[in-house]
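S.K.: Quick one: the structure is below, and I'll ask about it shortly.
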Amino acid sequence: MYQPKSFVESRNDVLHELIRAYPFATLIVNNASGIVANHLPFEIVGDVLHGHVAGGSELSKMDDAEGLVIFHGPDGYISPNWYPTKYETGREVPTWNYAVVHVHGRMRVVRDAVWLHQLLEKLTDHHEATQPQPWHVSDAPADHVEKMLHAIVGIEITIDRVEGKFKLSQNHPTRNRAGVIAGLRERNGDGDAELADLMALQEESKP
């Protein structure tokens, strides 16, 4: 990933927080048949990612493969009209702001029913937490859960390396960044509020 110095994010707590907030990721594996890409939610546990796929997936046959997992945070189009400097010099152009985390690691295929059951409980409890009446794995009939467990395999990826790129107008002066945050909040399109919040948080965390 192209990494200009201004946009590098290397703080583990920040990277892990983005993974938790945006767990649906793209898993890319290069095997003898070529490049394979799949999309699935992950749970981060320490320095390991846990997920699961259908037993018929090509991933179920890729034990010990090297993988790249891409987590996408908020993103959005940035208009040059939001930069105060545009009205002074005219020397500004559109761009796109975004935050991504790339996780590199080795993949292990897990077929242990107890491990899978615990993973499903963790995933559902996490994502159901905001529901008025959270659904739990135990709400489904035991025989149905058992059947589902036989239809999936677990994916465990031990993290070897993490890259974070938070392109949030850091290459612009403070007043331009403030203009972008204000512009995003005013536009308020899909993901704009989240991107503005991330930019504001980045400003607050500066030394």
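Note on naming: chains are A, B, ... as they come in the structure tokens, residues start from 1 per chain, ligands start from 1 in the order shown.
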I need the residues in segment 10-137 of chain A that are strand (DSSP E or B) according to DSSP; give them as a ChimeraX atom specification.
M.R.: /A:24-31,34-41,43-45,48-54,66-78,95-110
S.K.: Looking at only C-alpha atoms, which of A:Ala142, A:Leu116, A:Ala193, A:Val101 is the one that sits closest to His72 of chain A?
M.R.: A:Val101
S.K.: Got a sec: who's within 6 Å of Val48 of chain A, counting only C-alpha atoms, leaving out chain neighbours fewer than 4 positions off, as a ChimeraX atom specification?
M.R.: /A:44,157-159
S.K.: Restrict the selected residues to N, CA and C atoms and save them as a CSV table (one decimal), in the first residue's frame.
M.R.:
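Output file out03.csv is given in full below:
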chain,number,residue,atom,x,y,z
A,44,ILE,N,-11.5,-9.5,16.5
A,44,ILE,CA,-10.1,-9.4,16.8
A,44,ILE,C,-9.9,-9.8,18.3
A,157,ILE,N,-6.5,-16.1,11.8
A,157,ILE,CA,-5.4,-15.5,11.1
A,157,ILE,C,-4.5,-14.9,12.2
A,158,THR,N,-3.3,-15.4,12.4
A,158,THR,CA,-2.3,-14.8,13.3
A,158,THR,C,-1.7,-13.6,12.6
A,159,ILE,N,-1.8,-12.5,13.3
A,159,ILE,CA,-1.3,-11.2,12.7
A,159,ILE,C,0.2,-11.2,12.7
S.K.: Taking only C-alpha atoms into account, name the residue in A:Arg177, A:His126, A:His117, A:Lys206 that is nearest to Lys147 of chain A.
M.R.: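 Counting only C-alpha atoms, the residue closest to Lys147 of chain A is A:His117.
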S.K.: Enumerate the residues of segment 5-207 of chain A with a DSSP assignment of alpha helix (DSSP H), computed from the backbone, and present them as an NGL selection string.
M.R.: :A and (12-21 or 86-89 or 113-128 or 142-150 or 174-187 or 192-204)
S.K.: Write to file, as a tab-separated table (two decimals), in the first residue's frame, the residues of the selection just made, with C-alpha atoms.
M.R.:
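See selection14.tsv below for the written result:
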chain	number	residue	atom	x	y	z
A	12	ASN	CA	-2.12	-0.33	17.66
A	13	ASP	CA	-5.01	0.91	19.77
A	14	VAL	CA	-6.24	3.13	16.92
A	15	LEU	CA	-5.89	0.34	14.34
A	16	HIS	CA	-7.66	-2.21	16.53
A	17	GLU	CA	-10.45	0.25	17.22
A	18	LEU	CA	-11.09	0.66	13.49
A	19	ILE	CA	-11.16	-3.14	13.10
A	20	ARG	CA	-13.73	-3.40	15.90
A	21	ALA	CA	-15.84	-0.57	14.51
A	86	LYS	CA	-9.16	27.72	-2.36
A	87	TYR	CA	-10.68	31.21	-2.19
A	88	GLU	CA	-7.23	32.76	-1.78
A	89	THR	CA	-5.17	30.96	-4.40
A	113	ALA	CA	-17.19	-27.50	16.88
A	114	VAL	CA	-16.56	-26.06	20.35
A	115	TRP	CA	-14.30	-23.33	18.94
A	116	LEU	CA	-16.88	-22.49	16.27
A	117	HIS	CA	-19.73	-22.40	18.78
A	118	GLN	CA	-17.82	-19.99	21.01
A	119	LEU	CA	-17.00	-17.79	18.00
A	120	LEU	CA	-20.65	-17.63	16.90
A	121	GLU	CA	-21.69	-16.67	20.44
A	122	LYS	CA	-19.10	-13.88	20.57
A	123	LEU	CA	-20.00	-12.54	17.14
A	124	THR	CA	-23.75	-12.56	17.69
A	125	ASP	CA	-23.55	-11.16	21.24
A	126	HIS	CA	-21.35	-8.33	19.95
A	127	HIS	CA	-23.51	-7.40	16.98
A	128	GLU	CA	-26.86	-7.96	18.73
A	142	ALA	CA	-29.92	-27.10	19.59
A	143	ASP	CA	-30.27	-29.47	16.63
A	144	HIS	CA	-30.42	-26.51	14.22
A	145	VAL	CA	-27.27	-24.97	15.74
A	146	GLU	CA	-25.53	-28.33	15.45
A	147	LYS	CA	-26.50	-28.56	11.77
A	148	MET	CA	-25.21	-25.06	11.09
A	149	LEU	CA	-21.90	-25.79	12.83
A	150	HIS	CA	-21.32	-28.72	10.48
A	174	THR	CA	-5.45	23.35	10.18
A	175	ARG	CA	-8.08	25.71	8.75
A	176	ASN	CA	-8.51	23.54	5.66
A	177	ARG	CA	-9.01	20.46	7.84
A	178	ALA	CA	-11.59	22.36	9.87
A	179	GLY	CA	-13.29	23.35	6.61
A	180	VAL	CA	-13.45	19.71	5.52
A	181	ILE	CA	-14.97	18.62	8.84
A	182	ALA	CA	-17.59	21.39	8.57
A	183	GLY	CA	-18.29	20.50	4.93
A	184	LEU	CA	-18.79	16.82	5.73
A	185	ARG	CA	-21.16	17.62	8.59
A	186	GLU	CA	-23.18	19.97	6.39
A	187	ARG	CA	-23.40	17.48	3.49
A	192	ASP	CA	-19.94	11.70	6.20
A	193	ALA	CA	-20.62	12.06	9.94
A	194	GLU	CA	-18.35	9.10	10.75
A	195	LEU	CA	-15.55	10.53	8.57
A	196	ALA	CA	-15.93	13.98	10.17
A	197	ASP	CA	-15.84	12.41	13.64
A	198	LEU	CA	-12.67	10.48	12.78
A	199	MET	CA	-11.02	13.65	11.47
A	200	ALA	CA	-12.04	15.56	14.59
A	201	LEU	CA	-10.68	12.78	16.81
A	202	GLN	CA	-7.41	12.89	14.87
A	203	GLU	CA	-7.16	16.62	15.53
A	204	GLU	CA	-7.79	16.13	19.26
S.K.: Between atom CA of Arg106 of chain A and atom CA of Phe166 of chain A, what is the distance in Å, rounded to a tenth?
M.R.: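 For atom CA of Arg106 of chain A relative to atom CA of Phe166 of chain A, the distance reads 24.6 Å.
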S.K.: May I ask for the distance between atom CA of Pro84 of chain A and atom CA of Gln170 of chain A, given in Å to one decimal place?
M.R.: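 Between these atoms lies a distance of 15.1 Å.
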S.K.: Point out the residue among A:Met1, A:Val45, A:Val162, A:Val153 with the least atom-to-atom distance to Met62 of chain A, counting only C-alpha atoms.
M.R.: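 Closest to Met62 of chain A of all the choices is A:Val153.
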S.K.: Looking at A:Ser138, A:Ser57, A:Thr26, A:Ser10, which one is nearest to Phe42 of chain A, with distances taken over only C-alpha atoms?
M.R.: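 Selected residue with least distance to Phe42 of chain A: A:Thr26.
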S.K.: For Leu49 of chain A, which of A:Leu168, A:Ala140, A:Val103, A:Ala32 is the closest residue, counting only C-alpha atoms?
M.R.: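 Using only C-alpha atoms, the shortest distance to Leu49 of chain A belongs to A:Val103.
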S.K.: Counting only C-alpha atoms, which of A:Gly105, A:Gly34, A:Pro173, A:Pro80 gets nearest to Ala65 of chain A?
M.R.: A:Gly105
S.K.: Pick out the residues sitting within 12 Å of Lys61 of chain A, and hand them over as number ranges by chain; count only C-alpha atoms, and ignore anything fewer than 3 positions along from it in its own chain.
M.R.: A: 29, 31-33, 36, 53-58, 64-65, 107-111, 153-155
